[in-house]
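K.L.:
Provided herewith: my_file_32.tsv, TSV, C-alpha atoms.
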chain	number	residue	atom	x	y	z
A	1	MET	CA	32.69	14.59	1.23
A	2	ALA	CA	33.07	16.84	4.27
A	3	ALA	CA	30.84	19.39	2.49
A	4	PHE	CA	27.80	17.12	2.89
A	5	ASP	CA	25.74	16.63	6.02
A	6	LEU	CA	24.35	13.37	4.64
A	7	PHE	CA	24.00	11.38	1.43
A	8	SER	CA	21.38	9.58	-0.62
A	9	ILE	CA	21.46	6.53	-2.87
A	10	GLY	CA	19.01	4.39	-4.86
A	11	HIS	CA	19.84	0.70	-4.95
A	12	SER	CA	18.13	-0.11	-8.27
A	13	ASN	CA	19.77	-3.28	-9.68
A	14	ILE	CA	23.30	-2.51	-8.50
A	15	PRO	CA	25.33	-5.55	-7.32
A	16	ALA	CA	25.50	-5.85	-3.53
A	17	GLU	CA	29.29	-5.54	-3.45
A	18	ARG	CA	29.24	-2.39	-5.58
A	19	PHE	CA	26.55	-0.89	-3.34
A	20	ARG	CA	28.68	-1.54	-0.26
A	21	ASP	CA	31.78	-0.08	-1.92
A	22	LEU	CA	29.95	3.12	-2.91
A	23	LEU	CA	28.86	3.62	0.69
A	24	HIS	CA	32.36	2.99	2.03
A	25	ASP	CA	33.93	5.33	-0.54
A	26	ALA	CA	31.58	8.11	0.63
A	27	GLY	CA	32.40	7.43	4.27
A	28	VAL	CA	28.84	6.35	5.06
A	29	ASN	CA	28.44	4.47	8.34
A	30	ALA	CA	24.63	4.53	8.72
A	31	ILE	CA	21.67	3.97	6.40
A	32	ALA	CA	18.25	5.61	6.78
A	33	ASP	CA	15.87	3.47	4.74
A	34	VAL	CA	13.09	5.80	3.51
A	35	ARG	CA	11.23	3.19	1.45
A	36	SER	CA	7.61	2.86	2.52
A	37	ALA	CA	7.85	-0.87	1.80
A	38	PRO	CA	11.45	-1.98	2.52
A	39	PHE	CA	11.41	-5.04	0.28
A	40	SER	CA	12.65	-5.97	-3.18
A	41	ARG	CA	11.07	-8.84	-5.09
A	42	PHE	CA	13.70	-8.95	-7.84
A	43	PHE	CA	16.77	-8.10	-5.73
A	44	PRO	CA	16.08	-9.82	-2.39
A	45	TRP	CA	19.35	-8.71	-0.79
A	46	PHE	CA	17.85	-5.22	-0.69
A	47	SER	CA	14.93	-6.42	1.41
A	48	GLN	CA	15.06	-5.11	4.96
A	49	LYS	CA	16.29	-8.05	7.04
A	50	PRO	CA	19.04	-9.45	4.78
A	51	MET	CA	20.27	-5.97	3.90
A	52	ALA	CA	20.40	-4.79	7.51
A	53	ALA	CA	22.37	-7.91	8.47
A	54	ARG	CA	24.85	-7.53	5.62
A	55	LEU	CA	25.30	-3.81	6.24
A	56	ASN	CA	26.00	-4.47	9.90
A	57	GLU	CA	28.69	-6.95	8.88
A	58	SER	CA	30.30	-4.12	6.91
A	59	GLY	CA	30.17	-1.72	9.83
A	60	ILE	CA	27.15	0.23	8.55
A	61	ALA	CA	24.17	0.70	10.86
A	62	TYR	CA	20.62	0.39	9.51
A	63	THR	CA	17.58	2.43	10.53
A	64	PHE	CA	14.11	2.20	9.01
A	65	MET	CA	12.44	5.60	8.54
A	66	GLY	CA	9.94	4.81	5.80
A	67	ASP	CA	7.04	5.12	8.23
A	68	ALA	CA	7.65	8.87	8.60
A	69	LEU	CA	9.65	9.73	5.46
A	70	GLY	CA	8.33	7.22	2.91
A	71	GLY	CA	6.89	8.20	-0.45
A	72	ARG	CA	3.67	6.18	-0.26
A	73	PRO	CA	1.39	7.78	2.35
A	74	ARG	CA	-1.32	5.73	4.05
A	75	ASP	CA	-3.56	8.77	4.54
A	76	GLN	CA	-5.84	9.13	1.51
A	77	ARG	CA	-5.95	12.88	2.05
A	78	LEU	CA	-2.30	13.04	1.00
A	79	TYR	CA	-3.13	12.11	-2.59
A	80	ARG	CA	-4.22	14.46	-5.34
A	81	ASP	CA	-5.86	12.80	-8.34
A	82	GLY	CA	-4.43	9.51	-7.10
A	83	ILE	CA	-0.84	10.81	-6.99
A	84	ALA	CA	1.11	11.25	-3.75
A	85	ASP	CA	1.19	14.96	-2.92
A	86	TYR	CA	4.71	15.72	-1.69
A	87	GLU	CA	3.87	19.25	-0.58
A	88	ALA	CA	0.96	18.03	1.55
A	89	MET	CA	3.14	15.23	2.94
A	90	ALA	CA	5.88	17.68	3.92
A	91	ALA	CA	3.35	19.65	5.97
A	92	GLN	CA	2.45	16.65	8.15
A	93	THR	CA	3.58	16.54	11.77
A	94	GLU	CA	4.85	12.98	11.39
A	95	PHE	CA	7.05	14.01	8.47
A	96	GLY	CA	8.43	16.98	10.40
A	97	HIS	CA	9.32	14.79	13.36
A	98	GLY	CA	10.97	12.24	11.06
A	99	LEU	CA	12.98	14.96	9.35
A	100	GLN	CA	14.16	16.31	12.70
A	101	ARG	CA	15.08	12.82	13.87
A	102	LEU	CA	17.12	12.36	10.70
A	103	ALA	CA	18.81	15.74	11.08
A	104	ASP	CA	19.75	14.95	14.69
A	105	ALA	CA	21.11	11.54	13.73
A	106	ALA	CA	23.15	13.04	10.87
A	107	ARG	CA	25.07	15.11	13.41
A	108	GLN	CA	26.29	11.91	15.05
A	109	SER	CA	26.90	9.63	12.05
A	110	ARG	CA	27.47	9.75	8.29
A	111	PHE	CA	23.93	8.91	7.21
A	112	CYS	CA	22.75	7.99	3.74
A	113	LEU	CA	19.10	7.98	2.64
A	114	LEU	CA	18.20	4.75	0.87
A	115	CYS	CA	15.43	4.23	-1.66
A	116	ALA	CA	15.04	2.16	-4.82
A	117	GLU	CA	15.28	4.52	-7.80
A	118	ARG	CA	18.70	4.97	-9.38
A	119	GLU	CA	18.12	8.57	-10.54
A	120	PRO	CA	17.60	11.11	-7.71
A	121	LEU	CA	15.09	13.09	-9.80
A	122	ASP	CA	12.93	9.98	-10.07
A	123	CYS	CA	12.72	9.53	-6.30
A	124	HIS	CA	11.02	11.09	-3.29
A	125	ARG	CA	14.31	10.89	-1.35
A	126	CYS	CA	15.39	13.83	-3.53
A	127	LEU	CA	12.12	15.55	-4.48
A	128	LEU	CA	10.64	15.39	-0.99
A	129	VAL	CA	13.21	14.59	1.72
A	130	ALA	CA	16.42	16.20	0.44
A	131	ARG	CA	14.47	19.26	-0.64
A	132	ARG	CA	13.16	19.81	2.88
A	133	LEU	CA	16.56	19.07	4.39
A	134	ALA	CA	18.02	21.80	2.19
A	135	GLU	CA	15.35	24.22	3.38
A	136	ASN	CA	16.58	23.46	6.91
A	137	GLY	CA	20.19	24.18	6.00
A	138	LEU	CA	21.42	20.59	5.54
A	139	THR	CA	23.37	19.58	2.45
A	140	THR	CA	22.79	16.25	0.72
A	141	GLY	CA	25.15	14.52	-1.70
A	142	HIS	CA	23.45	12.09	-4.08
A	143	ILE	CA	25.67	9.04	-4.65
A	144	LEU	CA	25.43	8.06	-8.32
A	145	HIS	CA	26.17	4.58	-9.57
A	146	ASP	CA	29.26	5.70	-11.48
A	147	GLY	CA	30.82	6.76	-8.17
A	148	ARG	CA	30.25	10.50	-8.49
A	149	ILE	CA	28.56	12.40	-5.67
A	150	GLU	CA	26.22	15.09	-6.97
A	151	PRO	CA	25.42	17.98	-4.60
A	152	HIS	CA	21.70	18.51	-4.20
A	153	ALA	CA	22.11	22.06	-5.54
A	154	ALA	CA	23.47	20.57	-8.77
A	155	THR	CA	20.55	18.14	-8.88
A	156	GLU	CA	18.20	21.13	-8.58
A	157	ARG	CA	19.94	22.77	-11.53
A	158	ARG	CA	19.31	19.62	-13.58
A	159	LEU	CA	15.68	19.74	-12.46
A	160	LEU	CA	15.35	23.34	-13.61
A	161	ALA	CA	16.96	22.49	-16.93
A	162	LEU	CA	14.44	19.72	-17.46
A	163	TYR	CA	11.57	22.00	-16.51
A	164	ASP	CA	12.62	25.06	-18.47
A	165	GLN	CA	15.62	25.11	-20.77
A	166	ASP	CA	15.78	28.90	-20.53
A	167	CYS	CA	15.73	29.22	-16.74
A	168	ASP	CA	18.58	30.79	-14.81
A	169	LEU	CA	19.19	29.63	-11.24
A	170	PHE	CA	20.06	33.18	-10.24
A	171	ASP	CA	17.09	34.94	-11.82
A	172	ALA	CA	14.74	36.86	-9.54
A	173	GLY	CA	12.12	34.19	-10.11
A	174	GLN	CA	14.37	31.34	-8.98
A	175	VAL	CA	12.38	30.34	-5.88
A	176	SER	CA	8.97	30.23	-7.53
A	177	ARG	CA	10.30	28.51	-10.66
A	178	LEU	CA	12.14	25.91	-8.62
A	179	ALA	CA	8.99	25.21	-6.59
A	180	ALA	CA	7.04	24.81	-9.83
A	181	ALA	CA	9.73	22.47	-11.17
A	182	TYR	CA	9.49	20.32	-8.04
A	183	ARG	CA	5.71	20.10	-8.42
A	184	TRP	CA	6.03	19.24	-12.11
A	185	ARG	CA	8.55	16.48	-11.49
A	186	ALA	CA	6.71	15.06	-8.50
A	187	LYS	CA	3.51	14.80	-10.54
A	188	ALA	CA	5.44	12.76	-13.11
A	189	VAL	CA	7.23	10.32	-10.80
A	190	ALA	CA	5.42	10.19	-7.43
A	191	PHE	CA	3.64	7.04	-6.30
A	192	ARG	CA	0.30	6.46	-8.01
A	193	GLN	CA	-2.55	4.56	-6.44
A	194	LYS	CA	-3.86	1.64	-8.44
A	195	VAL	CA	-7.30	2.21	-9.88
A	196	PRO	CA	-9.63	-0.78	-9.25
A	197	SER	CA	-10.47	-2.66	-12.45
A	198	ALA	CA	-14.20	-1.98	-12.03
A	199	ARG	CA	-13.51	1.75	-11.80
A	200	ARG	CA	-11.27	1.65	-14.87
A	201	ALA	CA	-14.00	-0.08	-16.83
A	202	ALA	CA	-16.56	2.49	-15.71
A	203	GLU	CA	-14.29	5.38	-16.69
A	204	LYS	CA	-13.88	3.96	-20.21
A	205	ARG	CA	-17.63	3.91	-20.85
What's the structure tokens form of this structure?

P.N.:
Amino acid sequence: MAAFDLFSIGHSNIPAERFRDLLHDAGVNAIADVRSAPFSRFFPWFSQKPMAARLNESGIAYTFMGDALGGRPRDQRLYRDGIADYEAMAAQTEFGHGLQRLADAARQSRFCLLCAEREPLDCHRCLLVARRLAENGLTTGHILHDGRIEPHAATERRLLALYDQDCDLFDAGQVSRLAAAYRWRAKAVAFRQKVPSARRAAEKR
């Protein structure tokens, strides 16, 4: 655990007690909630207020950072073909400030990024936030629901394997292929804007 500067986890449908235990086992004492909308209709304990209260009871501080580091941008210019553009989002001043705030906080506490998706490769906490943290020299450990902690570098190797079964992390083309793999995965899983019903009908004509 000492090898990681911070962690990440997706709550999904995990029981509240198991979620708490996973955080404690990793030594986490602070949560950075990077959900744009910190609410859960089906698992209400993971909504902001009740979760923050319960975490505090367990000795884990809660901080909301979804305004700067969330995966659903308010600015329409940060969408491409209706899909959130992670590369454009990472270039925003607000994102940069949020990332720096997170990096500074991680030097003082054992922070864990929180979002909803169970699998890191399905979530912007990995494809957007942890990627940029790594570029700034910070290591992230993704807490999996079976209790394992996967280093972000290992998650990137899984990403490359999904993108190109023949790729080699140490090939000369590693950087460009990894960037292409990030774009490919983000296009598949990033937040999509809802198309108004009238527009959908018009497009079908």

K.L.:
Nearest to Cys123 of chain A among A:Arg110, A:Arg54, A:Lys49, A:Lys187, with distances taken over all atoms listed in the file: which residue is it?

P.N.:
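Once distances to Cys123 of chain A are computed over all atoms listed in the file, the minimum belongs to A:Lys187.
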
K.L.:
Pick the closest to Asp85 of chain A from A:Glu156, A:Gln174, A:Ile143, A:His124: which is it, counting all atoms listed in the file?

P.N.:
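Using all atoms listed in the file, the shortest distance to Asp85 of chain A belongs to A:His124.
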
K.L.:
Could you give me, as JSON lines, every segment 27-126 of chain A residue with an atom at most 12 Å from segment 178-183 of chain A, plus its closest atom pair and distance in Å to one decimal, counting all atoms listed in the file, rows ordered by chain then number?

P.N.:
{"residue": "A:Arg80", "atom": "CA", "partner": "A:Arg183", "partner_atom": "CA", "distance": 11.8}
{"residue": "A:Ile83", "atom": "CA", "partner": "A:Arg183", "partner_atom": "CA", "distance": 11.5}
{"residue": "A:Ala84", "atom": "CA", "partner": "A:Arg183", "partner_atom": "CA", "distance": 11.0}
{"residue": "A:Asp85", "atom": "CA", "partner": "A:Arg183", "partner_atom": "CA", "distance": 8.8}
{"residue": "A:Tyr86", "atom": "CA", "partner": "A:Arg183", "partner_atom": "CA", "distance": 8.1}
{"residue": "A:Glu87", "atom": "CA", "partner": "A:Arg183", "partner_atom": "CA", "distance": 8.1}
{"residue": "A:Ala88", "atom": "CA", "partner": "A:Arg183", "partner_atom": "CA", "distance": 11.2}
{"residue": "A:Leu121", "atom": "CA", "partner": "A:Tyr182", "partner_atom": "CA", "distance": 9.3}
{"residue": "A:Asp122", "atom": "CA", "partner": "A:Tyr182", "partner_atom": "CA", "distance": 11.1}
{"residue": "A:Cys123", "atom": "CA", "partner": "A:Tyr182", "partner_atom": "CA", "distance": 11.4}
{"residue": "A:His124", "atom": "CA", "partner": "A:Tyr182", "partner_atom": "CA", "distance": 10.5}
{"residue": "A:Cys126", "atom": "CA", "partner": "A:Tyr182", "partner_atom": "CA", "distance": 9.9}

K.L.:
Produce a file of the selected residues containing C-alpha atoms, as a tab-separated table (two decimals), in the frame of the given file.

P.N.:
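The new file selection_27.tsv reads:
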chain	number	residue	atom	x	y	z
A	80	ARG	CA	-4.22	14.46	-5.34
A	83	ILE	CA	-0.84	10.81	-6.99
A	84	ALA	CA	1.11	11.25	-3.75
A	85	ASP	CA	1.19	14.96	-2.92
A	86	TYR	CA	4.71	15.72	-1.69
A	87	GLU	CA	3.87	19.25	-0.58
A	88	ALA	CA	0.96	18.03	1.55
A	121	LEU	CA	15.09	13.09	-9.80
A	122	ASP	CA	12.93	9.98	-10.07
A	123	CYS	CA	12.72	9.53	-6.30
A	124	HIS	CA	11.02	11.09	-3.29
A	126	CYS	CA	15.39	13.83	-3.53

K.L.:
Using Å and a single decimal, report how far atom CA of Asp33 of chain A sits from atom CA of Met65 of chain A.

P.N.:
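Interatomic distance, atom CA of Met65 of chain A to atom CA of Asp33 of chain A: 5.5 Å.
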
K.L.:
Measure the distance from atom CA of Ala61 of chain A to atom CA of Arg74 of chain A in Å and round it to one decimal.

P.N.:
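The value is 26.9 Å.
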
K.L.:
Return as JSON the centre and edge lengths, in Å with one decimal, of the box along x, y and z that encloses every atom of segment 143-152 of chain A in the file, padded by 4 Å per side.

P.N.:
{"center_x": 26.3, "center_y": 11.5, "center_z": -7.8, "size_x": 17.1, "size_y": 21.9, "size_z": 15.3}

K.L.:
List the neighbours of Asn13 of chain A out to 9 Å using only C-alpha atoms; skip same-chain residues closer than 6 positions along the sequence, and give me the result as an MDAnalysis selection string.

P.N.:
chainID A and resid 42:43 116 118

K.L.:
Would you mind reading off the distance between atom CA of Ala26 of chain A and atom CA of Gly98 of chain A, one decimal, in Å?

P.N.:
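Answer for the atom CA of Ala26 of chain A to atom CA of Gly98 of chain A separation: 23.5 Å.
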
K.L.:
I need the residue nearest Ala161 of chain A from this list: A:Tyr62, A:Glu135, A:Arg185, A:Leu144. Use all atoms listed in the file for the distance.

P.N.:
A:Arg185

K.L.:
Arg132 of chain A: which residues within 12 Å, counting all atoms listed in the file, same-chain residues fewer than 3 positions away excluded, as a list in words?

P.N.:
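Near neighbours after the sequence-gap exclusion: Leu69, Tyr86, Glu87, Met89, Ala90, Ala91, Phe95, Gly96, Gly98, Leu99, Gln100, Leu102, Ala103, His124, Arg125, Cys126, Leu127, Leu128, Val129, Glu135, Asn136, Gly137, Leu138, Thr139, Thr140, His152, Ala179 and Tyr182 of chain A.
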
K.L.:
From the set A:Leu159, A:Ala30, A:Ala68, A:Leu78, which residue has the shortest atom-to-atom contact distance to Ala190 of chain A, counting all atoms listed in the file?

P.N.:
A:Leu78

K.L.:
Tell me, as a PyMOL selection string, which residues lie within 10 Å of Pro38 of chain A, counting all atoms listed in the file; anything in the same chain fewer than 4 positions away does not count.

P.N.:
chain A and resi 33-34+46-49+51+64-66+70+114-116

K.L.:
Go through A:Asp67, A:Gly141, A:Leu23, A:Ala106 and flag the residue nearest Ala154 of chain A, using all atoms listed in the file for the distances.

P.N.:
A:Gly141
